[in-house]
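Enquirer: Got a structure for you, written out below as structure tokens; questions coming shortly.
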Amino acid sequence: MRAPLLVALTILGIDACSTATDPPATETRTAETPSPPADHNFRIAIEQVQTRSGGIGVVARVTNTSTQDFHAMVGDGFNAAPEQSTIFAALGTHAVIERRVSDSVWEPAETGPLVEGSRFVLLSAGGGYTLVGDIAPLPGVYRIRLKYFIRSNDPTAEPLHDYSPDFAVQ
């Protein structure tokens with residue numbers, strides 16, 4: 001009796017993990033799909049841009065300056081907390097480090113996914129978060145784009161967007 005139960009629980013556990021680690025499709029912006037206007041609910045301040053072995057590490061302070069809670073897929077998939085003090089700009093998340101390729105065109109910088117996947121987290125009214133991300137070492141002008149929602153994981157919801165100031169990578 002115990003063996004079939006353990007097998008069933010193991011299968012359910014593996015199935016639950018595999019769905020949490022699959023990143024959603026990434027967005028690619030082109031000249032035909034310019035950036036939407038900023039919604040001005042978040043202040044994104046670049047704190048550090050540092051060369052690391054194999055890439056560039058970016059750290060920013062993200063502050064919800066509004067009186068409303070929001071949700072974004074920027075959390076660590078391994079951390080079950082509904083709100084996380086460290087959020088991530090990685091492949092498949094709603095925080096994207098973008099590189100300027102012309103005057104009005106930005107494209108996502110080359111980056112990797114989170115090992116344990118990403119998940120929706122709460123971005124509380126007045127809350128502050130440390131955002132971290134890594135990109136390929138390519139010189140240029142960059143910014144962080146944060147896409148977020150009023151409701152969590154609602155496929156019919158219109159996304160909101162905010163941006164960091166531009167920053168240079170040498």
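By convention in this document, the chains of the structure tokens carry letters A, B, ... by their order, each chain's residues are numbered from 1, and ligands are numbered from 1 in the order they are shown.
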Would you mind listing, for every residue of stretch 98-117 of chain A within 8 Å of stretch 128-152 of chain A, the two atoms forming the shortest contact and the distance between them in Å to one decimal, using only C-alpha atoms, sorted by chain and ascending residue number, as JSON lines?
Expert:
{"residue": "A:Glu98", "atom": "CA", "partner": "A:Arg143", "partner_atom": "CA", "distance": 5.4}
{"residue": "A:Arg99", "atom": "CA", "partner": "A:Tyr142", "partner_atom": "CA", "distance": 4.4}
{"residue": "A:Arg100", "atom": "CA", "partner": "A:Val141", "partner_atom": "CA", "distance": 5.6}
{"residue": "A:Ala109", "atom": "CA", "partner": "A:Ile135", "partner_atom": "CA", "distance": 6.2}
{"residue": "A:Glu110", "atom": "CA", "partner": "A:Ala136", "partner_atom": "CA", "distance": 5.5}
{"residue": "A:Thr111", "atom": "CA", "partner": "A:Ile135", "partner_atom": "CA", "distance": 4.8}
{"residue": "A:Gly112", "atom": "CA", "partner": "A:Asp134", "partner_atom": "CA", "distance": 7.8}
Enquirer: Those same residues, written as a PDB file, in the first residue's frame with N, CA and C atoms?
Expert:
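Ended up saving to result36.pdb:
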ATOM      1  N   GLU A  98      17.057  45.599 -21.597  1.00  0.00           N
ATOM      2  CA  GLU A  98      17.007  45.827 -23.034  1.00  0.00           C
ATOM      3  C   GLU A  98      18.204  46.659 -23.483  1.00  0.00           C
ATOM      4  N   ARG A  99      18.654  46.395 -24.710  1.00  0.00           N
ATOM      5  CA  ARG A  99      19.769  47.127 -25.328  1.00  0.00           C
ATOM      6  C   ARG A  99      19.210  47.965 -26.469  1.00  0.00           C
ATOM      7  N   ARG A 100      19.630  49.241 -26.532  1.00  0.00           N
ATOM      8  CA  ARG A 100      19.182  50.118 -27.619  1.00  0.00           C
ATOM      9  C   ARG A 100      19.924  49.743 -28.899  1.00  0.00           C
ATOM     10  N   ALA A 109      18.318  42.050 -24.091  1.00  0.00           N
ATOM     11  CA  ALA A 109      19.725  41.645 -24.048  1.00  0.00           C
ATOM     12  C   ALA A 109      19.796  40.135 -23.856  1.00  0.00           C
ATOM     13  N   GLU A 110      20.912  39.575 -24.271  1.00  0.00           N
ATOM     14  CA  GLU A 110      21.111  38.131 -24.117  1.00  0.00           C
ATOM     15  C   GLU A 110      21.299  37.791 -22.642  1.00  0.00           C
ATOM     16  N   THR A 111      20.465  36.891 -22.150  1.00  0.00           N
ATOM     17  CA  THR A 111      20.504  36.474 -20.752  1.00  0.00           C
ATOM     18  C   THR A 111      20.006  35.036 -20.649  1.00  0.00           C
ATOM     19  N   GLY A 112      20.120  34.468 -19.491  1.00  0.00           N
ATOM     20  CA  GLY A 112      19.646  33.104 -19.286  1.00  0.00           C
ATOM     21  C   GLY A 112      18.453  33.072 -18.350  1.00  0.00           C
TER      22      GLY A 112
END
Enquirer: Quick one: residues within 10 Å of stretch 81-89 of chain A, only C-alpha atoms, excluding same-chain residues fewer than 2 positions away - as a ChimeraX atom specification?
Expert: /A:58-62,71-79,91-97,111-114,118-124,127-135,144-146
Enquirer: Let's see if you can do this: from backbone DSSP, list all strand (DSSP E) residues in stretch 17-142 of chain A, as a tab-separated table (two decimals) with C-alpha atoms, in the first residue's frame.
Expert:
chain	number	residue	atom	x	y	z
A	42	PHE	CA	7.54	52.15	-10.19
A	43	ARG	CA	10.85	53.93	-9.77
A	44	ILE	CA	13.72	51.79	-11.07
A	45	ALA	CA	17.15	53.09	-10.03
A	46	ILE	CA	20.33	51.42	-11.27
A	47	GLU	CA	22.62	50.75	-8.29
A	48	GLN	CA	25.42	48.70	-9.83
A	49	VAL	CA	26.68	47.53	-13.22
A	50	GLN	CA	29.61	45.21	-12.76
A	51	THR	CA	31.71	43.02	-15.06
A	52	ARG	CA	31.69	39.41	-13.89
A	55	GLY	CA	28.87	38.58	-18.26
A	56	ILE	CA	27.66	41.84	-16.81
A	57	GLY	CA	25.78	41.89	-13.50
A	58	VAL	CA	23.10	44.55	-13.03
A	59	VAL	CA	21.56	45.49	-9.68
A	60	ALA	CA	18.69	47.98	-9.39
A	61	ARG	CA	16.37	49.25	-6.69
A	62	VAL	CA	12.69	48.90	-7.69
A	63	THR	CA	10.19	50.90	-5.65
A	64	ASN	CA	6.41	50.78	-5.99
A	70	PHE	CA	0.77	44.90	-8.44
A	71	HIS	CA	1.93	41.48	-9.62
A	72	ALA	CA	4.74	40.43	-11.96
A	73	MET	CA	6.55	37.24	-12.91
A	74	VAL	CA	9.87	38.31	-11.40
A	75	GLY	CA	10.14	35.97	-8.42
A	76	ASP	CA	12.33	32.94	-7.85
A	86	THR	CA	14.94	40.07	-4.36
A	87	ILE	CA	13.38	39.97	-7.81
A	88	PHE	CA	14.97	38.99	-11.11
A	89	ALA	CA	15.51	40.18	-14.66
A	95	ALA	CA	11.75	42.31	-15.96
A	96	VAL	CA	13.86	42.58	-19.11
A	97	ILE	CA	17.21	44.27	-19.57
A	98	GLU	CA	17.01	45.83	-23.03
A	99	ARG	CA	19.77	47.13	-25.33
A	100	ARG	CA	19.18	50.12	-27.62
A	101	VAL	CA	19.78	49.15	-31.24
A	102	SER	CA	18.62	52.46	-32.81
A	105	VAL	CA	14.24	50.47	-30.95
A	106	TRP	CA	15.16	48.33	-27.95
A	107	GLU	CA	15.77	44.58	-27.96
A	108	PRO	CA	16.09	42.19	-25.02
A	118	SER	CA	10.22	32.18	-12.21
A	119	ARG	CA	6.84	32.89	-10.67
A	120	PHE	CA	4.35	35.68	-10.08
A	121	VAL	CA	5.00	37.67	-6.92
A	122	LEU	CA	3.33	40.57	-5.16
A	123	LEU	CA	4.87	44.03	-5.56
A	128	GLY	CA	11.01	48.28	-2.30
A	129	TYR	CA	12.85	45.41	-4.00
A	130	THR	CA	16.35	44.57	-5.15
A	131	LEU	CA	16.34	43.52	-8.80
A	132	VAL	CA	19.29	41.48	-10.10
A	133	GLY	CA	20.11	40.31	-13.61
A	134	ASP	CA	22.97	39.18	-15.80
A	135	ILE	CA	23.54	39.96	-19.47
A	140	GLY	CA	25.96	49.65	-25.48
A	141	VAL	CA	23.14	51.61	-23.89
A	142	TYR	CA	20.70	49.61	-21.78
Enquirer: Between atom CA of A:Asp162 and atom CA of A:Ala38, what distance in Å does the model show, to one decimal?
Expert: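 Interatomic distance here is 4.7 Å.
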